[in-house]
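Okay, data.cif now, which holds mmCIF, C-alpha atoms:
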data_query
loop_
_atom_site.group_PDB
_atom_site.id
_atom_site.type_symbol
_atom_site.label_atom_id
_atom_site.label_comp_id
_atom_site.auth_asym_id
_atom_site.auth_seq_id
_atom_site.Cartn_x
_atom_site.Cartn_y
_atom_site.Cartn_z
ATOM 1 C CA MET B 1 -5.074 31.616 3.752
ATOM 2 C CA PRO B 2 -4.292 27.921 3.213
ATOM 3 C CA TYR B 3 -6.721 25.270 4.419
ATOM 4 C CA MET B 4 -6.556 21.533 4.015
ATOM 5 C CA LEU B 5 -9.514 19.259 3.481
ATOM 6 C CA LEU B 6 -8.591 15.825 4.830
ATOM 7 C CA ILE B 7 -10.751 13.001 3.547
ATOM 8 C CA MET B 8 -11.267 10.638 6.499
ATOM 9 C CA GLU B 9 -12.535 7.331 5.110
ATOM 10 C CA PRO B 10 -13.883 4.387 7.082
ATOM 11 C CA HIS B 11 -11.476 1.426 6.988
ATOM 12 C CA GLY B 12 -12.584 -1.253 4.549
ATOM 13 C CA GLN B 13 -14.880 1.045 2.608
ATOM 14 C CA ARG B 14 -12.788 0.856 -0.560
ATOM 15 C CA ALA B 15 -12.992 -2.940 -0.656
ATOM 16 C CA GLU B 16 -16.743 -2.863 0.006
ATOM 17 C CA ARG B 17 -17.273 -0.365 -2.817
ATOM 18 C CA GLY B 18 -15.588 -2.598 -5.402
ATOM 19 C CA LEU B 19 -13.677 -1.613 -8.515
ATOM 20 C CA ALA B 20 -16.503 0.011 -10.483
ATOM 21 C CA GLY B 21 -17.757 1.947 -7.454
ATOM 22 C CA GLY B 22 -14.223 3.039 -6.622
ATOM 23 C CA GLN B 23 -13.598 4.261 -10.153
ATOM 24 C CA GLU B 24 -16.829 6.278 -10.106
ATOM 25 C CA ALA B 25 -16.020 7.833 -6.705
ATOM 26 C CA TYR B 26 -12.495 8.677 -7.896
ATOM 27 C CA ALA B 27 -13.848 10.266 -11.093
ATOM 28 C CA ARG B 28 -16.209 12.430 -9.024
ATOM 29 C CA MET B 29 -13.318 13.540 -6.830
ATOM 30 C CA LEU B 30 -11.201 14.370 -9.902
ATOM 31 C CA ARG B 31 -14.036 16.524 -11.277
ATOM 32 C CA PHE B 32 -14.349 18.256 -7.893
ATOM 33 C CA GLY B 33 -10.597 19.016 -7.931
ATOM 34 C CA GLU B 34 -10.755 20.292 -11.513
ATOM 35 C CA GLY B 35 -13.559 22.649 -10.491
ATOM 36 C CA LEU B 36 -11.519 23.977 -7.566
ATOM 37 C CA LYS B 37 -8.538 24.506 -9.876
ATOM 38 C CA ALA B 38 -10.706 26.390 -12.376
ATOM 39 C CA ARG B 39 -11.886 28.653 -9.528
ATOM 40 C CA GLY B 40 -8.260 29.373 -8.529
ATOM 41 C CA LEU B 41 -8.675 27.720 -5.112
ATOM 42 C CA LEU B 42 -6.613 24.529 -5.444
ATOM 43 C CA ARG B 43 -2.930 24.391 -4.436
ATOM 44 C CA ALA B 44 -2.540 20.602 -4.400
ATOM 45 C CA THR B 45 -4.509 17.380 -4.150
ATOM 46 C CA GLU B 46 -3.612 13.715 -3.786
ATOM 47 C CA SER B 47 -5.304 10.431 -3.072
ATOM 48 C CA LEU B 48 -3.527 8.121 -0.631
ATOM 49 C CA ALA B 49 -3.214 4.348 -0.859
ATOM 50 C CA SER B 50 -4.879 2.184 1.752
ATOM 51 C CA THR B 51 -3.230 1.817 5.152
ATOM 52 C CA ASP B 52 -2.577 -1.829 4.221
ATOM 53 C CA GLN B 53 0.487 -0.511 2.404
ATOM 54 C CA ALA B 54 1.517 2.010 5.057
ATOM 55 C CA VAL B 55 4.533 1.886 7.333
ATOM 56 C CA ARG B 56 5.218 3.978 10.452
ATOM 57 C CA LEU B 57 8.641 5.165 11.558
ATOM 58 C CA GLN B 58 10.039 6.871 14.654
ATOM 59 C CA VAL B 59 13.484 8.216 15.482
ATOM 60 C CA ARG B 60 14.385 8.054 19.168
ATOM 61 C CA GLU B 61 17.838 8.831 20.547
ATOM 62 C CA GLY B 62 19.236 8.858 17.016
ATOM 63 C CA GLN B 63 17.881 5.403 16.164
ATOM 64 C CA SER B 64 15.130 4.891 13.625
ATOM 65 C CA ARG B 65 12.695 2.040 13.892
ATOM 66 C CA LEU B 66 9.496 0.839 12.343
ATOM 67 C CA VAL B 67 6.643 0.778 14.819
ATOM 68 C CA ASP B 68 3.369 -1.091 15.033
ATOM 69 C CA GLY B 69 0.429 0.118 13.028
ATOM 70 C CA PRO B 70 -1.558 1.304 11.328
ATOM 71 C CA PHE B 71 -3.894 -0.177 13.891
ATOM 72 C CA ALA B 72 -6.923 -2.261 12.962
ATOM 73 C CA GLU B 73 -8.952 -0.768 15.818
ATOM 74 C CA THR B 74 -8.916 2.678 14.217
ATOM 75 C CA LYS B 75 -12.147 3.411 12.423
ATOM 76 C CA GLU B 76 -10.839 5.838 9.804
ATOM 77 C CA MET B 77 -7.855 6.473 7.583
ATOM 78 C CA VAL B 78 -6.747 9.570 5.702
ATOM 79 C CA GLY B 79 -7.753 8.765 2.137
ATOM 80 C CA GLY B 80 -6.498 11.955 0.528
ATOM 81 C CA PHE B 81 -6.423 15.709 0.746
ATOM 82 C CA PHE B 82 -7.126 18.988 -1.008
ATOM 83 C CA LEU B 83 -4.897 21.963 -0.173
ATOM 84 C CA LEU B 84 -6.851 25.166 -0.788
ATOM 85 C CA ASP B 85 -6.396 28.915 -0.833
ATOM 86 C CA CYS B 86 -9.417 30.386 0.961
ATOM 87 C CA ALA B 87 -10.130 33.811 2.383
ATOM 88 C CA THR B 88 -11.785 32.435 5.517
ATOM 89 C CA ARG B 89 -12.571 29.266 7.445
ATOM 90 C CA ASP B 90 -16.210 29.696 6.438
ATOM 91 C CA GLU B 91 -15.197 29.589 2.764
ATOM 92 C CA ALA B 92 -13.194 26.381 3.381
ATOM 93 C CA VAL B 93 -16.183 24.813 5.158
ATOM 94 C CA ALA B 94 -18.465 25.802 2.268
ATOM 95 C CA ILE B 95 -16.086 24.097 -0.166
ATOM 96 C CA ALA B 96 -15.990 21.002 2.063
ATOM 97 C CA ARG B 97 -19.800 20.842 1.776
ATOM 98 C CA GLU B 98 -19.364 20.620 -2.029
ATOM 99 C CA CYS B 99 -16.896 17.721 -1.769
ATOM 100 C CA PRO B 100 -18.367 14.440 -3.064
ATOM 101 C CA ALA B 101 -16.464 12.495 -0.382
ATOM 102 C CA ALA B 102 -18.672 14.076 2.285
ATOM 103 C CA GLU B 103 -21.320 11.584 1.104
ATOM 104 C CA TRP B 104 -19.232 8.524 2.096
ATOM 105 C CA ALA B 105 -16.504 9.891 4.385
ATOM 106 C CA THR B 106 -15.828 12.756 6.780
ATOM 107 C CA VAL B 107 -14.164 15.875 5.420
ATOM 108 C CA GLU B 108 -11.983 17.491 8.082
ATOM 109 C CA VAL B 109 -11.197 21.187 7.521
ATOM 110 C CA ARG B 110 -7.850 22.322 8.943
ATOM 111 C CA GLU B 111 -6.051 25.650 8.655
ATOM 112 C CA VAL B 112 -2.434 25.252 7.609
ATOM 113 C CA ALA B 113 -0.316 26.897 10.308
ATOM 114 C CA PRO B 114 2.906 26.327 12.253
ATOM 115 C CA CYS B 115 2.581 23.552 14.842
ATOM 116 C CA TYR B 116 3.227 26.090 17.618
ATOM 117 C CA HIS B 117 0.516 28.449 16.344
ATOM 118 C CA GLY B 118 -2.118 28.952 19.040
ATOM 119 C CA ALA B 119 -0.254 26.796 21.567
ATOM 120 C CA SER B 120 -0.915 27.551 25.215
#

I need this file expressed as structure tokens, please.
Amino acid sequence: MPYMLLIMEPHGQRAERGLAGGQEAYARMLRFGEGLKARGLLRATESLASTDQAVRLQVREGQSRLVDGPFAETKEMVGGFFLLDCATRDEAVAIARECPAAEWATVEVREVAPCYHGAS
């Protein structure tokens, strides 16, 4: 069953960490991903650039437009993800506990499913 670990980082944390700290954190995350791959659990992983470089788009009534945001008042940004193959939610949560980013960010565990799955 596919699960996604979303790495929810506090805004500004990357700048506070500095280059050397960022490189060390990134190296730890790469090693974590390599370990998941060796265990046959990893489908995909990516790190995302800061929201400073992000753009948001909507299409309404056939017209596309850029919209405000990302918003400074948000406290977190999605910093990256790991897409996993796990037998259960408990297994995905156990893997999230192993993730180095849990030390400096929040790791959100989400089952991959259709958007209408479980809708009321």

**OP:** Could you give me, as a list of chain:residue names, the residues that sit within 10 Å of (-11.5, 0.0, 5.8) in the file's coordinates, counting all atoms listed in the file?
**Re:**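 Checking each residue against the 10 Å limit leaves B:Glu9, B:Pro10, B:His11, B:Gly12, B:Gln13, B:Arg14, B:Ala15, B:Glu16, B:Ser50, B:Thr51, B:Asp52, B:Ala72, B:Thr74, B:Lys75, B:Glu76, B:Met77.
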
Original post:
When you draw a straight line from atom CA of Asp85 of chain B to atom CA of Leu42 of chain B, how long is it in Å?
Top reply: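 That distance, rounded to one decimal, is 6.4 Å.
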
**OP:** Can you give me, as a list in words, the residues this file yields under the PyMOL selection byres ((chain B and resi 106) around 9)?
**Re:** Leu6, Ile7, Met8, Glu9, Pro10, Ala101, Ala102, Glu103, Trp104, Ala105, Val107 and Glu108 of chain B

Original post:
When distances are computed from only C-alpha atoms, which of B:Leu30, B:Leu41, B:Glu61, B:Leu48 shows the smallest separation from Pro2 of chain B?
Top reply: B:Leu41

**OP:** Run the PyMOL selection byres ((chain B and resi 91) around 12) against the file shown and list the residues it catches, as a ChimeraX atom specification.
**Re:** /B:1-5,41,84-90,92-98,109,111

Original post:
Just so the selection is clear, what residues does the PyMOL selection byres ((chain B and resi 57) around 6) cover here, as a list of chain:residue names?
Top reply: B:Arg56, B:Gln58, B:Arg65, B:Leu66, B:Val67

**OP:** Find the distance between atom CA of Ser47 of chain B and atom CA of Phe81 of chain B and write it in Å to one decimal.
**Re:**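 According to the coordinates, atom CA of Ser47 of chain B and atom CA of Phe81 of chain B are separated by 6.6 Å.
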
Original post:
Any idea what the distance is between atom CA of Arg28 of chain B and atom CA of Ala49 of chain B?
Top reply: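 Spanning atom CA of Arg28 of chain B to atom CA of Ala49 of chain B is a straight-line distance of 17.3 Å.
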
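With only C-alpha atoms as the atoms that count, the minimum distance from Asp68 of chain B to the choices B:Cys99, B:Ala54, B:Met29, B:Ala44 is reached by B:Ala54.
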
Subject >> Of the listed residues B:Ala20, B:Val55, B:Ala38, B:Val112, that which approaches Leu83 of chain B most closely, counting only C-alpha atoms >> reply: B:Val112
